[in-house]
$ cat input21.pdb   # PDB, C-alpha atoms
ATOM      1  CA  MET A   1      71.896 -61.906  14.617
ATOM      2  CA  SER A   2      71.388 -58.565  12.958
ATOM      3  CA  HIS A   3      68.840 -55.985  14.002
ATOM      4  CA  MET A   4      66.881 -56.650  10.811
ATOM      5  CA  GLU A   5      66.520 -60.359  11.631
ATOM      6  CA  ILE A   6      65.305 -59.526  15.140
ATOM      7  CA  ILE A   7      62.778 -57.018  13.816
ATOM      8  CA  LEU A   8      61.507 -59.504  11.220
ATOM      9  CA  GLY A   9      61.249 -62.198  13.907
ATOM     10  CA  VAL A  10      59.225 -59.913  16.181
ATOM     11  CA  ILE A  11      56.934 -58.942  13.299
ATOM     12  CA  PHE A  12      56.456 -62.612  12.430
ATOM     13  CA  VAL A  13      55.551 -63.485  16.045
ATOM     14  CA  PHE A  14      53.022 -60.632  16.203
ATOM     15  CA  PHE A  15      51.562 -61.766  12.883
ATOM     16  CA  LEU A  16      51.081 -65.317  14.209
ATOM     17  CA  PHE A  17      49.487 -63.965  17.392
ATOM     18  CA  TYR A  18      47.125 -61.791  15.328
ATOM     19  CA  ILE A  19      46.089 -64.747  13.144
ATOM     20  CA  ALA A  20      45.414 -66.846  16.265
ATOM     21  CA  LEU A  21      43.174 -64.113  17.708
ATOM     22  CA  LEU A  22      41.229 -63.810  14.452
ATOM     23  CA  GLY A  23      40.585 -67.551  14.455
ATOM     24  CA  ARG A  24      39.231 -67.429  18.004
ATOM     25  CA  GLU A  25      36.968 -64.480  17.189
ATOM     26  CA  ASN A  26      35.614 -66.215  14.069
ATOM     27  CA  LYS A  27      34.781 -69.341  16.102
ATOM     28  CA  GLN A  28      32.821 -67.189  18.572
ATOM     29  CA  LEU A  29      30.921 -65.481  15.744
ATOM     30  CA  THR A  30      30.130 -68.863  14.196
ATOM     31  CA  LYS A  31      28.826 -70.151  17.552
ATOM     32  CA  GLU A  32      26.638 -67.058  18.021
ATOM     33  CA  GLN A  33      25.297 -67.420  14.473
ATOM     34  CA  SER A  34      24.477 -71.096  15.091
ATOM     35  CA  GLU A  35      22.663 -70.245  18.328
ATOM     36  CA  TRP A  36      20.676 -67.504  16.551
ATOM     37  CA  GLU A  37      19.709 -69.828  13.703
ATOM     38  CA  ALA A  38      18.526 -72.461  16.201
ATOM     39  CA  ILE A  39      15.837 -70.107  17.561
ATOM     40  CA  PRO A  40      12.633 -70.474  15.520
ATOM     41  CA  THR A  41      10.868 -67.554  13.865
ATOM     42  CA  LEU A  42       7.348 -66.782  15.077
ATOM     43  CA  GLU A  43       5.907 -68.649  12.091
ATOM     44  CA  GLU A  44       8.067 -71.721  12.828
ATOM     45  CA  TYR A  45       7.237 -71.529  16.540
ATOM     46  CA  LEU A  46       3.490 -71.494  15.876
ATOM     47  CA  ARG A  47       3.804 -74.290  13.328
ATOM     48  CA  LYS A  48       5.590 -76.425  15.926
ATOM     49  CA  TYR A  49       3.334 -75.346  18.837
ATOM     50  CA  PRO A  50      -0.037 -74.378  17.309
ATOM     51  CA  SER A  51      -1.746 -74.334  20.706
ATOM     52  CA  CYS A  52       0.538 -71.455  21.749
ATOM     53  CA  LYS A  53      -1.513 -69.021  19.665
ATOM     54  CA  THR A  54      -4.444 -67.853  21.784
ATOM     55  CA  ASN A  55      -7.077 -65.112  21.674
ATOM     56  CA  PHE A  56      -4.819 -63.174  24.055
ATOM     57  CA  GLY A  57      -1.614 -63.518  22.021
ATOM     58  CA  ILE A  58       1.261 -65.966  22.057
ATOM     59  CA  ARG A  59       2.067 -68.136  25.052
ATOM     60  CA  CYS A  60       5.193 -69.992  26.127
ATOM     61  CA  ASN A  61       5.296 -73.663  25.157
ATOM     62  CA  TYR A  62       7.082 -74.563  28.430
ATOM     63  CA  CYS A  63       5.167 -72.714  31.143
ATOM     64  CA  ASN A  64       2.071 -71.309  29.328
ATOM     65  CA  SER A  65       2.877 -67.714  30.302
ATOM     66  CA  ASN A  66       1.791 -65.079  27.800
ATOM     67  CA  ARG A  67       4.342 -62.478  28.935
ATOM     68  CA  PHE A  68       7.522 -62.054  26.894
ATOM     69  CA  ARG A  69      10.350 -59.555  26.800
ATOM     70  CA  ALA A  70      12.013 -58.632  23.516
ATOM     71  CA  TRP A  71      15.813 -58.703  23.767
ATOM     72  CA  GLY A  72      17.993 -57.361  20.968
ATOM     73  CA  ARG A  73      20.300 -59.947  19.469
ATOM     74  CA  SER A  74      23.484 -57.950  20.052
ATOM     75  CA  SER A  75      22.266 -54.728  21.726
ATOM     76  CA  LYS A  76      19.086 -53.056  22.898
ATOM     77  CA  HIS A  77      18.901 -51.198  19.562
ATOM     78  CA  ASP A  78      19.270 -54.314  17.385
ATOM     79  CA  PRO A  79      16.185 -54.855  15.168
ATOM     80  CA  GLN A  80      16.715 -58.623  15.440
ATOM     81  CA  ARG A  81      14.854 -59.565  18.633
ATOM     82  CA  VAL A  82      14.548 -62.701  20.738
ATOM     83  CA  MET A  83      11.238 -63.114  22.554
ATOM     84  CA  ILE A  84      12.049 -64.511  25.998
ATOM     85  CA  CYS A  85       9.419 -65.727  28.447
ATOM     86  CA  PHE A  86       9.228 -63.583  31.610
ATOM     87  CA  HIS A  87       8.331 -66.582  33.757
ATOM     88  CA  CYS A  88      10.762 -69.349  32.698
ATOM     89  CA  ASN A  89      13.326 -67.463  30.533
ATOM     90  CA  ASN A  90      12.656 -69.719  27.536
ATOM     91  CA  ALA A  91      13.912 -68.159  24.283
ATOM     92  CA  ALA A  92      10.662 -68.880  22.469
ATOM     93  CA  TYR A  93      11.083 -67.272  19.042
ATOM     94  CA  LYS A  94      12.903 -64.553  17.128
ATOM     95  CA  LEU A  95      11.794 -61.513  15.162
ATOM     96  CA  GLU A  96      14.000 -60.519  12.240
ATOM     97  CA  SER A  97      12.490 -57.176  11.232
TER      98      SER A  97
END
$ encode --input "input21.pdb" --output "structure tokens"
Amino acid sequence: MSHMEIILGVIFVFFLFYIALLGRENKQLTKEQSEWEAIPTLEEYLRKYPSCKTNFGIRCNYCNSNRFRAWGRSSKHDPQRVMICFHCNNAAYKLES
């Protein structure tokens, strides 16, 4: 085997490895996107649980708490927020501002 064949073989193996890693990363991104899309917007949440809108704000449909924390989708600076109940950790709704 010549040096050129060895070099081409190594490059080919690295290329296959790189393609495999890209496929895994894309599956993870697709899963995260699906999870994000499954969380209702505030409008959808209130349409599904109209009794969760009170004179004091929004309440959790699982535990009736009216305290939520706003978590960024991918970081604390992300404008896309998930409103999570302080009491039961239910991901109630999302804000896409």
$ resolve_selection --input "input21.pdb" --expression "the PyMOL selection byres ((chain A and resi 84) around 10)" --output "MDAnalysis selection string"
chainID A and resid 60 67:71 81:83 85:94
$ atom_distance --input "input21.pdb" --atom1 "CA of Glu35 in chain A" --atom2 "CA of Thr54 in chain A"
27.4 Å
$ atom_distance --input "input21.pdb" --atom1 "CA of Lys53 in chain A" --atom2 "CA of Ser74 in chain A"
27.3 Å
$ atom_distance --input "input21.pdb" --atom1 "CA of Arg59 in chain A" --atom2 "CA of Pro40 in chain A"
14.4 Å
$ closest_residue --input "input21.pdb" --among "A:Trp36, A:Phe15, A:Lys76, A:Asn64" --to "Ser51 in chain A" --atoms "all atoms listed in the file"
A:Asn64
$ closest_residue --input "input21.pdb" --among "A:Ser34, A:Asn61, A:Thr41, A:Asn55" --to "Gln80 in chain A" --atoms "all atoms listed in the file"
A:Thr41
$ decode --input "input21.pdb" --residues "range 22-68 of chain A" --atoms "N, CA and C atoms" --output "PDB file, in the first residue's frame"
ATOM      1  N   LEU A  22     -22.580  14.322  12.867  1.00  0.00           N
ATOM      2  CA  LEU A  22     -23.590  15.281  12.413  1.00  0.00           C
ATOM      3  C   LEU A  22     -24.986  14.690  12.514  1.00  0.00           C
ATOM      4  N   GLY A  23     -25.137  13.434  12.157  1.00  0.00           N
ATOM      5  CA  GLY A  23     -26.439  12.777  12.246  1.00  0.00           C
ATOM      6  C   GLY A  23     -26.940  12.725  13.670  1.00  0.00           C
ATOM      7  N   ARG A  24     -26.061  12.423  14.608  1.00  0.00           N
ATOM      8  CA  ARG A  24     -26.445  12.363  16.023  1.00  0.00           C
ATOM      9  C   ARG A  24     -26.862  13.746  16.525  1.00  0.00           C
ATOM     10  N   GLU A  25     -26.102  14.772  16.147  1.00  0.00           N
ATOM     11  CA  GLU A  25     -26.424  16.128  16.578  1.00  0.00           C
ATOM     12  C   GLU A  25     -27.765  16.579  16.007  1.00  0.00           C
ATOM     13  N   ASN A  26     -28.034  16.261  14.743  1.00  0.00           N
ATOM     14  CA  ASN A  26     -29.307  16.635  14.127  1.00  0.00           C
ATOM     15  C   ASN A  26     -30.483  15.948  14.802  1.00  0.00           C
ATOM     16  N   LYS A  27     -30.314  14.690  15.228  1.00  0.00           N
ATOM     17  CA  LYS A  27     -31.387  13.991  15.940  1.00  0.00           C
ATOM     18  C   LYS A  27     -31.685  14.685  17.256  1.00  0.00           C
ATOM     19  N   GLN A  28     -30.628  15.137  17.962  1.00  0.00           N
ATOM     20  CA  GLN A  28     -30.818  15.832  19.236  1.00  0.00           C
ATOM     21  C   GLN A  28     -31.554  17.147  19.012  1.00  0.00           C
ATOM     22  N   LEU A  29     -31.161  17.897  17.975  1.00  0.00           N
ATOM     23  CA  LEU A  29     -31.833  19.159  17.679  1.00  0.00           C
ATOM     24  C   LEU A  29     -33.294  18.925  17.325  1.00  0.00           C
ATOM     25  N   THR A  30     -33.579  17.874  16.583  1.00  0.00           N
ATOM     26  CA  THR A  30     -34.955  17.553  16.217  1.00  0.00           C
ATOM     27  C   THR A  30     -35.765  17.210  17.462  1.00  0.00           C
ATOM     28  N   LYS A  31     -35.183  16.460  18.394  1.00  0.00           N
ATOM     29  CA  LYS A  31     -35.871  16.104  19.635  1.00  0.00           C
ATOM     30  C   LYS A  31     -36.165  17.356  20.457  1.00  0.00           C
ATOM     31  N   GLU A  32     -35.175  18.250  20.580  1.00  0.00           N
ATOM     32  CA  GLU A  32     -35.378  19.487  21.332  1.00  0.00           C
ATOM     33  C   GLU A  32     -36.454  20.349  20.684  1.00  0.00           C
ATOM     34  N   GLN A  33     -36.468  20.412  19.359  1.00  0.00           N
ATOM     35  CA  GLN A  33     -37.487  21.185  18.650  1.00  0.00           C
ATOM     36  C   GLN A  33     -38.868  20.592  18.892  1.00  0.00           C
ATOM     37  N   SER A  34     -38.978  19.272  18.871  1.00  0.00           N
ATOM     38  CA  SER A  34     -40.266  18.611  19.119  1.00  0.00           C
ATOM     39  C   SER A  34     -40.758  18.886  20.533  1.00  0.00           C
ATOM     40  N   GLU A  35     -39.843  18.833  21.502  1.00  0.00           N
ATOM     41  CA  GLU A  35     -40.223  19.111  22.893  1.00  0.00           C
ATOM     42  C   GLU A  35     -40.691  20.553  23.037  1.00  0.00           C
ATOM     43  N   TRP A  36     -39.994  21.492  22.372  1.00  0.00           N
ATOM     44  CA  TRP A  36     -40.378  22.904  22.440  1.00  0.00           C
ATOM     45  C   TRP A  36     -41.761  23.104  21.822  1.00  0.00           C
ATOM     46  N   GLU A  37     -42.001  22.496  20.686  1.00  0.00           N
ATOM     47  CA  GLU A  37     -43.285  22.656  20.004  1.00  0.00           C
ATOM     48  C   GLU A  37     -44.433  22.034  20.786  1.00  0.00           C
ATOM     49  N   ALA A  38     -44.140  21.067  21.643  1.00  0.00           N
ATOM     50  CA  ALA A  38     -45.187  20.417  22.441  1.00  0.00           C
ATOM     51  C   ALA A  38     -45.677  21.306  23.580  1.00  0.00           C
ATOM     52  N   ILE A  39     -44.892  22.294  23.982  1.00  0.00           N
ATOM     53  CA  ILE A  39     -45.302  23.197  25.063  1.00  0.00           C
ATOM     54  C   ILE A  39     -46.257  24.230  24.473  1.00  0.00           C
ATOM     55  N   PRO A  40     -47.427  24.420  25.085  1.00  0.00           N
ATOM     56  CA  PRO A  40     -48.388  25.375  24.516  1.00  0.00           C
ATOM     57  C   PRO A  40     -47.954  26.825  24.740  1.00  0.00           C
ATOM     58  N   THR A  41     -48.412  27.713  23.866  1.00  0.00           N
ATOM     59  CA  THR A  41     -48.236  29.141  24.102  1.00  0.00           C
ATOM     60  C   THR A  41     -49.212  29.545  25.203  1.00  0.00           C
ATOM     61  N   LEU A  42     -49.081  30.759  25.711  1.00  0.00           N
ATOM     62  CA  LEU A  42     -50.000  31.219  26.753  1.00  0.00           C
ATOM     63  C   LEU A  42     -51.441  31.184  26.249  1.00  0.00           C
ATOM     64  N   GLU A  43     -51.647  31.632  25.020  1.00  0.00           N
ATOM     65  CA  GLU A  43     -52.997  31.626  24.443  1.00  0.00           C
ATOM     66  C   GLU A  43     -53.563  30.203  24.377  1.00  0.00           C
ATOM     67  N   GLU A  44     -52.753  29.252  23.927  1.00  0.00           N
ATOM     68  CA  GLU A  44     -53.192  27.850  23.847  1.00  0.00           C
ATOM     69  C   GLU A  44     -53.452  27.271  25.237  1.00  0.00           C
ATOM     70  N   TYR A  45     -52.592  27.627  26.181  1.00  0.00           N
ATOM     71  CA  TYR A  45     -52.730  27.146  27.562  1.00  0.00           C
ATOM     72  C   TYR A  45     -54.060  27.616  28.162  1.00  0.00           C
ATOM     73  N   LEU A  46     -54.360  28.899  27.970  1.00  0.00           N
ATOM     74  CA  LEU A  46     -55.606  29.443  28.529  1.00  0.00           C
ATOM     75  C   LEU A  46     -56.838  28.932  27.783  1.00  0.00           C
ATOM     76  N   ARG A  47     -56.689  28.624  26.518  1.00  0.00           N
ATOM     77  CA  ARG A  47     -57.804  28.035  25.774  1.00  0.00           C
ATOM     78  C   ARG A  47     -58.096  26.628  26.310  1.00  0.00           C
ATOM     79  N   LYS A  48     -57.040  25.890  26.613  1.00  0.00           N
ATOM     80  CA  LYS A  48     -57.202  24.524  27.121  1.00  0.00           C
ATOM     81  C   LYS A  48     -57.624  24.515  28.592  1.00  0.00           C
ATOM     82  N   TYR A  49     -57.114  25.475  29.374  1.00  0.00           N
ATOM     83  CA  TYR A  49     -57.418  25.553  30.812  1.00  0.00           C
ATOM     84  C   TYR A  49     -57.933  26.957  31.146  1.00  0.00           C
ATOM     85  N   PRO A  50     -59.145  27.293  30.741  1.00  0.00           N
ATOM     86  CA  PRO A  50     -59.646  28.660  30.953  1.00  0.00           C
ATOM     87  C   PRO A  50     -59.733  29.057  32.424  1.00  0.00           C
ATOM     88  N   SER A  51     -59.907  28.099  33.307  1.00  0.00           N
ATOM     89  CA  SER A  51     -59.999  28.431  34.733  1.00  0.00           C
ATOM     90  C   SER A  51     -58.639  28.813  35.324  1.00  0.00           C
ATOM     91  N   CYS A  52     -57.573  28.665  34.560  1.00  0.00           N
ATOM     92  CA  CYS A  52     -56.238  29.019  35.058  1.00  0.00           C
ATOM     93  C   CYS A  52     -55.969  30.519  34.979  1.00  0.00           C
ATOM     94  N   LYS A  53     -56.854  31.267  34.329  1.00  0.00           N
ATOM     95  CA  LYS A  53     -56.714  32.721  34.320  1.00  0.00           C
ATOM     96  C   LYS A  53     -57.549  33.268  35.474  1.00  0.00           C
ATOM     97  N   THR A  54     -56.882  33.934  36.409  1.00  0.00           N
ATOM     98  CA  THR A  54     -57.567  34.462  37.589  1.00  0.00           C
ATOM     99  C   THR A  54     -57.349  35.969  37.676  1.00  0.00           C
ATOM    100  N   ASN A  55     -57.977  36.593  38.669  1.00  0.00           N
ATOM    101  CA  ASN A  55     -57.768  38.023  38.908  1.00  0.00           C
ATOM    102  C   ASN A  55     -56.344  38.311  39.372  1.00  0.00           C
ATOM    103  N   PHE A  56     -55.639  37.275  39.816  1.00  0.00           N
ATOM    104  CA  PHE A  56     -54.285  37.438  40.341  1.00  0.00           C
ATOM    105  C   PHE A  56     -53.225  36.963  39.356  1.00  0.00           C
ATOM    106  N   GLY A  57     -53.627  36.611  38.148  1.00  0.00           N
ATOM    107  CA  GLY A  57     -52.686  36.146  37.131  1.00  0.00           C
ATOM    108  C   GLY A  57     -53.015  34.744  36.651  1.00  0.00           C
ATOM    109  N   ILE A  58     -51.996  34.061  36.212  1.00  0.00           N
ATOM    110  CA  ILE A  58     -52.141  32.703  35.677  1.00  0.00           C
ATOM    111  C   ILE A  58     -51.791  31.712  36.779  1.00  0.00           C
ATOM    112  N   ARG A  59     -52.506  30.599  36.807  1.00  0.00           N
ATOM    113  CA  ARG A  59     -52.173  29.560  37.787  1.00  0.00           C
ATOM    114  C   ARG A  59     -51.865  28.259  37.069  1.00  0.00           C
ATOM    115  N   CYS A  60     -51.195  27.367  37.776  1.00  0.00           N
ATOM    116  CA  CYS A  60     -50.804  26.068  37.235  1.00  0.00           C
ATOM    117  C   CYS A  60     -52.026  25.155  37.152  1.00  0.00           C
ATOM    118  N   ASN A  61     -52.168  24.451  36.052  1.00  0.00           N
ATOM    119  CA  ASN A  61     -53.311  23.554  35.888  1.00  0.00           C
ATOM    120  C   ASN A  61     -53.157  22.265  36.697  1.00  0.00           C
ATOM    121  N   TYR A  62     -51.955  21.968  37.199  1.00  0.00           N
ATOM    122  CA  TYR A  62     -51.752  20.748  37.988  1.00  0.00           C
ATOM    123  C   TYR A  62     -51.914  20.988  39.484  1.00  0.00           C
ATOM    124  N   CYS A  63     -51.304  22.064  39.993  1.00  0.00           N
ATOM    125  CA  CYS A  63     -51.281  22.248  41.449  1.00  0.00           C
ATOM    126  C   CYS A  63     -51.942  23.549  41.912  1.00  0.00           C
ATOM    127  N   ASN A  64     -52.418  24.371  40.984  1.00  0.00           N
ATOM    128  CA  ASN A  64     -53.102  25.639  41.268  1.00  0.00           C
ATOM    129  C   ASN A  64     -52.197  26.741  41.802  1.00  0.00           C
ATOM    130  N   SER A  65     -50.903  26.546  41.808  1.00  0.00           N
ATOM    131  CA  SER A  65     -49.981  27.601  42.231  1.00  0.00           C
ATOM    132  C   SER A  65     -50.016  28.730  41.208  1.00  0.00           C
ATOM    133  N   ASN A  66     -49.790  29.951  41.668  1.00  0.00           N
ATOM    134  CA  ASN A  66     -49.731  31.078  40.737  1.00  0.00           C
ATOM    135  C   ASN A  66     -48.306  31.644  40.645  1.00  0.00           C
ATOM    136  N   ARG A  67     -47.330  30.851  41.057  1.00  0.00           N
ATOM    137  CA  ARG A  67     -45.929  31.276  41.001  1.00  0.00           C
ATOM    138  C   ARG A  67     -45.197  30.470  39.927  1.00  0.00           C
ATOM    139  N   PHE A  68     -44.596  31.194  38.994  1.00  0.00           N
ATOM    140  CA  PHE A  68     -43.862  30.586  37.886  1.00  0.00           C
ATOM    141  C   PHE A  68     -42.475  31.201  37.790  1.00  0.00           C
TER     142      PHE A  68
END
